[in-house]
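Shown next: my_file.cif, given as mmCIF, C-alpha atoms and all ligand atoms.
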data_start
loop_
_atom_site.label_atom_id
_atom_site.label_comp_id
_atom_site.auth_asym_id
_atom_site.auth_seq_id
_atom_site.Cartn_x
_atom_site.Cartn_y
_atom_site.Cartn_z
CA MET A 237 112.36 114.75 106.16
CA LYS A 238 114.49 111.67 106.68
CA ILE A 239 115.59 109.88 103.49
CA ILE A 240 116.96 106.34 103.72
CA VAL A 241 118.48 104.67 100.65
CA THR A 242 118.72 100.89 100.75
CA ASP A 243 120.73 98.48 98.59
CA THR A 244 117.80 96.35 97.52
CA TYR A 245 114.02 96.32 97.18
CA GLU A 246 113.77 93.69 99.94
CA GLU A 247 115.82 95.87 102.27
CA MET A 248 113.55 98.83 101.45
CA GLY A 249 110.66 96.67 102.69
CA SER A 250 112.36 95.55 105.89
CA VAL A 251 113.62 99.04 106.79
CA ALA A 252 110.13 100.49 106.17
CA ALA A 253 108.60 97.64 108.21
CA GLN A 254 110.80 98.69 111.14
CA VAL A 255 109.26 102.17 111.01
CA VAL A 256 105.75 100.65 111.09
CA GLU A 257 106.69 98.28 113.89
CA VAL A 258 108.14 101.04 116.06
CA GLN A 259 104.76 102.78 115.73
CA MET A 260 102.85 99.57 116.54
CA GLU A 261 104.98 98.87 119.59
CA ALA A 262 104.68 102.45 120.87
CA LYS A 263 100.89 102.32 120.47
CA PRO A 264 99.34 98.84 120.00
CA GLY A 265 95.99 100.49 119.15
CA SER A 266 97.52 102.58 116.34
CA ILE A 267 95.54 103.68 113.32
CA LEU A 268 97.55 102.93 110.20
CA GLY A 269 96.90 104.47 106.81
CA LEU A 270 97.80 101.88 104.17
CA ALA A 271 98.71 101.91 100.50
CA THR A 272 98.60 99.48 97.60
CA GLY A 273 100.74 99.13 94.47
CA THR A 274 103.63 96.80 93.78
CA THR A 275 106.07 98.90 95.85
CA PRO A 276 104.81 98.05 99.38
CA ILE A 277 104.68 94.28 98.79
CA SER A 278 108.14 93.68 100.32
CA LEU A 279 107.08 95.80 103.30
CA TYR A 280 103.90 93.76 103.76
CA ASP A 281 105.97 90.56 103.43
CA ALA A 282 108.28 91.78 106.21
CA LEU A 283 105.34 92.69 108.47
CA THR A 284 103.73 89.31 107.81
CA GLU A 285 106.94 87.48 108.66
CA ASP A 286 107.37 89.42 111.91
CA CYS A 287 103.73 88.85 112.86
CA LYS A 288 104.03 85.10 112.22
CA ALA A 289 107.23 85.09 114.31
CA GLY A 290 105.26 86.68 117.16
CA LYS A 291 107.28 89.91 117.13
CA ILE A 292 104.27 92.14 116.41
CA SER A 293 100.51 91.87 116.61
CA PHE A 294 97.79 93.59 114.60
CA ALA A 295 95.09 92.53 117.08
CA ASP A 296 94.37 96.10 118.19
CA ILE A 297 95.33 97.88 114.96
CA THR A 298 92.83 99.82 112.86
CA THR A 299 93.55 100.58 109.20
CA TYR A 300 92.26 102.99 106.57
CA ASN A 301 93.40 102.59 102.99
CA LEU A 302 94.21 105.52 100.79
CA ASP A 303 92.16 104.81 97.73
CA GLU A 304 90.02 102.43 95.68
CA TYR A 305 89.07 102.13 92.03
CA ARG A 306 85.56 103.32 91.29
CA GLY A 307 83.34 100.49 90.08
CA LEU A 308 85.39 97.53 91.31
CA PRO A 309 83.87 95.33 94.03
CA GLY A 310 86.19 93.92 96.70
CA THR A 311 86.00 90.51 95.01
CA HIS A 312 87.67 91.86 91.83
CA ASP A 313 91.30 90.78 91.81
CA GLN A 314 92.48 94.30 90.96
CA SER A 315 90.44 96.02 93.65
CA TYR A 316 92.48 97.40 96.49
CA ARG A 317 90.37 95.48 99.04
CA TYR A 318 91.40 92.26 97.29
CA PHE A 319 95.05 93.38 97.28
CA MET A 320 95.04 94.22 100.97
CA ASP A 321 93.42 90.92 101.95
CA LYS A 322 95.92 89.01 99.84
CA TYR A 323 99.13 90.78 100.86
CA LEU A 324 98.40 91.62 104.48
CA PHE A 325 95.01 91.20 106.14
CA ASP A 326 94.58 87.47 105.44
CA ARG A 327 98.14 86.78 106.58
CA VAL A 328 98.19 88.54 109.97
CA ASP A 329 96.12 88.57 113.16
CA ILE A 330 94.12 91.67 112.24
CA ASP A 331 90.39 91.98 112.96
CA LYS A 332 88.96 92.53 109.45
CA ALA A 333 86.15 94.62 110.92
CA ARG A 334 88.79 97.23 111.75
CA THR A 335 90.11 97.41 108.16
CA HIS A 336 88.54 100.20 106.15
CA LEU A 337 88.60 100.93 102.45
CA LEU A 338 86.50 103.22 100.32
CA ASP A 339 83.64 101.32 98.68
CA GLY A 340 84.30 101.44 94.95
CA THR A 341 80.81 100.17 94.22
CA ASN A 342 78.99 103.08 95.85
CA PRO A 343 77.66 105.09 92.89
CA ASP A 344 77.14 108.14 95.12
CA ALA A 345 80.65 109.59 95.05
CA ASP A 346 79.89 112.57 97.26
CA ALA A 347 78.28 110.43 99.96
CA GLU A 348 81.05 107.81 99.89
CA CYS A 349 83.86 110.34 100.11
CA ALA A 350 82.20 112.53 102.74
CA ALA A 351 81.45 109.50 104.95
CA TYR A 352 85.06 108.26 104.70
CA GLU A 353 86.51 111.67 105.50
CA LYS A 354 84.13 112.03 108.46
CA GLU A 355 85.06 108.60 109.78
CA LEU A 356 88.73 109.54 109.62
CA ALA A 357 88.08 112.90 111.26
CA ASP A 358 86.06 111.24 114.04
CA ALA A 359 88.92 108.78 114.57
CA GLY A 360 91.37 111.70 114.83
CA TYR A 361 93.05 110.76 111.51
CA VAL A 362 95.85 108.22 111.31
CA ASP A 363 98.99 107.77 113.40
CA LEU A 364 101.13 106.61 110.49
CA GLN A 365 100.33 106.96 106.80
CA LEU A 366 102.13 104.69 104.36
CA LEU A 367 102.44 106.03 100.81
CA GLY A 368 103.76 104.79 97.49
CA LEU A 369 104.64 107.17 94.68
CA GLY A 370 103.14 107.31 91.20
CA HIS A 371 105.42 107.97 88.21
CA ASN A 372 103.85 111.41 87.88
CA GLY A 373 104.22 112.16 91.59
CA HIS A 374 100.73 111.12 92.62
CA ILE A 375 100.10 109.95 96.16
CA GLY A 376 96.98 107.88 96.70
CA PHE A 377 95.26 108.88 93.48
CA ASN A 378 95.91 112.60 93.87
CA GLU A 379 97.01 113.35 90.35
CA PRO A 380 99.08 116.39 89.26
CA ALA A 381 96.79 119.43 89.28
CA ASP A 382 96.81 123.18 89.72
CA HIS A 383 95.89 122.85 93.40
CA PHE A 384 96.32 120.33 96.23
CA PRO A 385 92.97 118.54 96.83
CA VAL A 386 92.11 118.70 100.52
CA ASP A 387 89.57 115.99 101.36
CA THR A 388 88.62 112.50 100.18
CA HIS A 389 87.24 112.84 96.66
CA LEU A 390 86.49 111.27 93.29
CA VAL A 391 89.23 111.60 90.66
CA ASP A 392 89.52 111.10 86.94
CA LEU A 393 92.71 109.12 86.48
CA THR A 394 95.28 110.55 84.09
CA GLU A 395 96.23 108.67 80.97
CA SER A 396 99.72 108.06 82.37
CA THR A 397 98.29 106.42 85.52
CA ILE A 398 95.87 104.31 83.49
CA THR A 399 98.74 103.21 81.23
CA ALA A 400 101.03 102.51 84.22
CA ASN A 401 98.38 100.42 85.97
CA ALA A 402 97.30 98.57 82.81
CA ARG A 403 100.09 96.03 83.41
CA LEU A 404 97.97 94.57 86.19
CA PHE A 405 94.78 94.22 84.13
CA ASP A 406 94.02 92.06 81.08
CA SER A 407 93.96 95.13 78.86
CA VAL A 408 94.12 98.92 79.17
CA GLU A 409 90.34 99.07 78.50
CA ASP A 410 89.75 97.16 81.73
CA VAL A 411 91.46 99.79 83.91
CA PRO A 412 88.85 101.93 85.68
CA THR A 413 89.05 105.58 84.65
CA GLN A 414 88.03 106.93 88.04
CA ALA A 415 88.90 106.29 91.68
CA TYR A 416 88.07 107.43 95.18
CA THR A 417 91.05 108.73 97.14
CA MET A 418 91.94 110.42 100.40
CA GLY A 419 92.88 114.03 99.68
CA ILE A 420 96.32 115.53 100.12
CA GLY A 421 94.94 117.29 103.18
CA THR A 422 93.75 113.94 104.56
CA CYS A 423 97.24 112.47 104.13
CA MET A 424 98.94 115.52 105.63
CA LYS A 425 96.85 115.16 108.79
CA ALA A 426 98.65 111.88 109.59
CA ARG A 427 100.96 112.28 112.54
CA LYS A 428 103.75 110.43 110.73
CA ILE A 429 104.23 109.63 107.05
CA LEU A 430 106.27 106.81 105.54
CA LEU A 431 106.82 106.78 101.78
CA VAL A 432 108.41 103.93 99.87
CA ALA A 433 109.63 103.83 96.27
CA ASN A 434 111.81 101.49 94.26
CA GLY A 435 113.25 101.05 90.81
CA ALA A 436 115.08 103.24 88.31
CA ASN A 437 111.83 104.41 86.74
CA LYS A 438 110.98 106.25 89.98
CA ALA A 439 114.37 108.03 90.25
CA ARG A 440 113.31 111.26 88.51
CA ILE A 441 110.05 111.61 90.40
CA VAL A 442 111.74 110.82 93.74
CA ARG A 443 114.18 113.67 93.10
CA ASP A 444 111.46 116.07 91.87
CA SER A 445 109.22 115.24 94.83
CA PHE A 446 111.76 115.63 97.62
CA GLN A 447 114.42 117.94 96.23
CA GLY A 448 112.35 120.08 93.87
CA PRO A 449 109.87 122.91 94.43
CA VAL A 450 106.63 122.25 96.32
CA VAL A 451 104.03 122.46 93.55
CA PRO A 452 100.66 120.74 92.98
CA GLN A 453 101.93 119.53 89.60
CA VAL A 454 104.09 117.16 91.72
CA PRO A 455 101.58 116.17 94.43
CA ALA A 456 104.12 114.31 96.62
CA SER A 457 106.25 117.45 96.90
CA ILE A 458 103.92 118.74 99.60
CA LEU A 459 105.35 116.12 101.95
CA GLN A 460 108.38 118.41 102.29
CA LEU A 461 106.11 120.58 104.46
CA HIS A 462 105.10 117.77 106.85
CA ALA A 463 106.94 117.65 110.18
CA ASP A 464 107.53 113.88 110.36
CA VAL A 465 108.22 112.11 107.08
CA THR A 466 110.46 109.11 106.44
CA VAL A 467 111.22 108.21 102.83
CA VAL A 468 112.70 104.77 102.16
CA VAL A 469 113.91 104.11 98.62
CA ASP A 470 116.12 101.50 97.05
CA LYS A 471 119.35 102.70 95.44
CA GLU A 472 117.87 102.76 91.93
CA ALA A 473 114.99 105.01 92.96
CA GLY A 474 117.39 107.16 94.99
CA SER A 475 120.02 107.43 92.25
CA LEU A 476 119.28 111.06 91.31
CA LEU A 477 119.06 112.37 94.89
CA ASP A 478 121.66 114.83 96.08
CA LEU A 479 122.43 113.42 99.55
C1 LIG B 501 98.76 103.49 92.14
C2 LIG B 501 98.20 103.74 93.55
C3 LIG B 501 99.17 104.46 94.43
C4 LIG B 501 100.54 103.82 94.26
C5 LIG B 501 101.05 104.13 92.88
C6 LIG B 501 102.37 103.47 92.55
O1 LIG B 501 98.06 104.10 91.13
N1 LIG B 501 96.95 104.45 93.58
O2 LIG B 501 98.73 104.42 95.78
O3 LIG B 501 101.43 104.35 95.19
O4 LIG B 501 100.09 103.90 91.89
O5 LIG B 501 102.21 102.12 92.30
P1 LIG B 501 103.40 101.10 92.23
O6 LIG B 501 103.86 100.91 93.62
O7 LIG B 501 102.80 99.86 91.65
O8 LIG B 501 104.45 101.72 91.37
#
If you took the structure in this file and wrote it as structure tokens, what would it be?
Amino acid sequence: MKIIVTDTYEEMGSVAAQVVEVQMEAKPGSILGLATGTTPISLYDALTEDCKAGKISFADITTYNLDEYRGLPGTHDQSYRYFMDKYLFDRVDIDKARTHLLDGTNPDADAECAAYEKELADAGYVDLQLLGLGHNGHIGFNEPADHFPVDTHLVDLTESTITANARLFDSVEDVPTQAYTMGIGTCMKARKILLVANGANKARIVRDSFQGPVVPQVPASILQLHADVTVVVDKEAGSLLDL
């Protein structure tokens, strides 16, 4: 595991963007696994800037997002489809038909999750998976548990995740209580993984995830077992790391 600590949040985004761009240049038809949350916004800004400057192109890129709230249509401003359109897809030269997210409005959870997992399996899984990090160590929406969930599945969000994400909704009651997410196994099948985190309130979980024991109570800790992981954190989020 390679851990890079940057001075600022913006630098975290540009350093992480370099990792994505190296992948895109090496394989213009790459499949990228993408993440939402406030953390990757500076990374998406850097990718957008480099695309507008003609340094990279998304023309042949395919994407699969990690997760989506159950019950929110893509037109809802807190859906992850809306987020991705706003922060990346509508700003770069990507073919929207190649951008995939779980459909939060499909009431048949089993069918939705099985179809998404199958699509990923048929595609050979992703070349590079981008991840953020929840305050409780969740990746995607894989919450702390007594086992590592393998495949794409429906989850009941923990109270701490609902509270953490309430800042983006009008009120805590508006936060969906369930979501569809790739499994930990789905993420681990990516050939490369890039995780970003910023801010002092992520410092403890960054340390527990990457320098603590590998346990399902800290879902991100499993990344220690993946052969090709790059972690890019700003100095606040990296402040408790023993480097
Ligand atoms: C959300 C998302 C995750 C994200 C995490 C951290 O619940 N499902 O994919 O990584 O929480 O979000 P943020 O970057 O806003 O701290």
Kindly indicate which residue among A:Val465, A:Arg327, A:Ile429, A:Gly373 lies nearest to Asp444 (chain A), using only C-alpha atoms for the distances.
-> A:Gly373
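Omitting Lys425 (chain A) and its sequence neighbours fewer than 4 positions away, and counting all atoms listed in the file, the residues within 12 Å are Gly269, Glu353, Leu356, Ala357, Ala359, Gly360, Tyr361, Val362, Asp363, Leu364, Gln365, Val386, Asp387, Met418, Gly419, Ile420, Gly421, Ile429, Leu459, Leu461, His462, Ala463, Asp464 and Val465 of chain A.
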Write the residues you've just listed into a file as a short mmCIF file (atom, residue, chain, number, x, y, z; two decimals), keeping the file's coordinate frame, and include C-alpha atoms for each of them.
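Listing of out_18.cif after writing:
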data_model
loop_
_atom_site.label_atom_id
_atom_site.label_comp_id
_atom_site.auth_asym_id
_atom_site.auth_seq_id
_atom_site.Cartn_x
_atom_site.Cartn_y
_atom_site.Cartn_z
CA GLY A 269 96.90 104.47 106.81
CA GLU A 353 86.51 111.67 105.50
CA LEU A 356 88.73 109.54 109.62
CA ALA A 357 88.08 112.90 111.26
CA ALA A 359 88.92 108.78 114.57
CA GLY A 360 91.37 111.70 114.83
CA TYR A 361 93.05 110.76 111.51
CA VAL A 362 95.85 108.22 111.31
CA ASP A 363 98.99 107.77 113.40
CA LEU A 364 101.13 106.61 110.49
CA GLN A 365 100.33 106.96 106.80
CA VAL A 386 92.11 118.70 100.52
CA ASP A 387 89.57 115.99 101.36
CA MET A 418 91.94 110.42 100.40
CA GLY A 419 92.88 114.03 99.68
CA ILE A 420 96.32 115.53 100.12
CA GLY A 421 94.94 117.29 103.18
CA ILE A 429 104.23 109.63 107.05
CA LEU A 459 105.35 116.12 101.95
CA LEU A 461 106.11 120.58 104.46
CA HIS A 462 105.10 117.77 106.85
CA ALA A 463 106.94 117.65 110.18
CA ASP A 464 107.53 113.88 110.36
CA VAL A 465 108.22 112.11 107.08
#
Point-to-point distance in Å for CA of Tyr300 (chain A) and CA of Arg334 (chain A) | 8.5 Å
Protein and nucleic residues near ligand LIG 501 (chain B), 8 Å, all atoms listed in the file, as a PyMOL selection string = chain A and resi 271-276+302-304+367-371+374-377+397-398+400-401+433-434
For the point (115.7, 109.5, 90.4) in the file's frame, write as a ChimeraX atom specification all residues with an atom no more than 8 Å away, counting only C-alpha atoms.
-> /A:436-444,472-477
Could you please determine the separation between CA of Thr335 (chain A) and CA of Arg403 (chain A) in Å, to one decimal place?
->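 Separation of CA of Thr335 (chain A) and CA of Arg403 (chain A): 26.7 Å.
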Grab the CA of Gly307 (chain A) to CA of Leu366 (chain A) distance for me, in Å with one decimal place.
->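 Computed distance, CA of Gly307 (chain A) to CA of Leu366 (chain A), equals 24.0 Å.
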Of the listed residues A:Ala347, A:Ala456, A:Ala415, A:Leu430, that which approaches Val468 (chain A) most closely, counting only C-alpha atoms | A:Leu430
Taking all atoms listed in the file into account, which of A:Val454, A:Leu479, A:Leu431, A:Leu268 comes nearest Asn372 (chain A)?
->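 Under the stated criterion, the closest residue is A:Val454.
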Which of A:Val256, A:Val328, A:Met248, A:Met424 sits closest to Glu285 (chain A) [using all atoms listed in the file] | A:Val328
Do you know which residues are at most 12 Å from His312 (chain A) counting only C-alpha atoms, after dropping those on the same chain fewer than 3 positions away, and could you put them as a PDB file with C-alpha atoms, keeping the file's coordinate frame?
ATOM      1  CA  GLU A 304      90.020 102.430  95.680  1.00  0.00           C
ATOM      2  CA  TYR A 305      89.070 102.130  92.030  1.00  0.00           C
ATOM      3  CA  ARG A 306      85.560 103.320  91.290  1.00  0.00           C
ATOM      4  CA  GLY A 307      83.340 100.490  90.080  1.00  0.00           C
ATOM      5  CA  LEU A 308      85.390  97.530  91.310  1.00  0.00           C
ATOM      6  CA  PRO A 309      83.870  95.330  94.030  1.00  0.00           C
ATOM      7  CA  SER A 315      90.440  96.020  93.650  1.00  0.00           C
ATOM      8  CA  TYR A 316      92.480  97.400  96.490  1.00  0.00           C
ATOM      9  CA  ARG A 317      90.370  95.480  99.040  1.00  0.00           C
ATOM     10  CA  TYR A 318      91.400  92.260  97.290  1.00  0.00           C
ATOM     11  CA  PHE A 319      95.050  93.380  97.280  1.00  0.00           C
ATOM     12  CA  MET A 320      95.040  94.220 100.970  1.00  0.00           C
ATOM     13  CA  ASP A 321      93.420  90.920 101.950  1.00  0.00           C
ATOM     14  CA  LYS A 322      95.920  89.010  99.840  1.00  0.00           C
ATOM     15  CA  GLY A 340      84.300 101.440  94.950  1.00  0.00           C
ATOM     16  CA  THR A 341      80.810 100.170  94.220  1.00  0.00           C
ATOM     17  CA  PHE A 405      94.780  94.220  84.130  1.00  0.00           C
ATOM     18  CA  ASP A 410      89.750  97.160  81.730  1.00  0.00           C
ATOM     19  CA  VAL A 411      91.460  99.790  83.910  1.00  0.00           C
ATOM     20  CA  PRO A 412      88.850 101.930  85.680  1.00  0.00           C
TER      21      PRO A 412
END
Give as JSON, numbers by chain each residue that has an atom at most 7 Å from (98.9, 94.2, 115.4) in the file, counting only C-alpha atoms.
-> {"A": [260, 264, 292, 293, 294, 295, 296, 297, 329, 330]}
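Distances to Thr413 (chain A) were evaluated for A:Thr299, A:Thr399, A:Gln447, A:Gln254 using only C-alpha atoms, and the minimum falls at A:Thr399.
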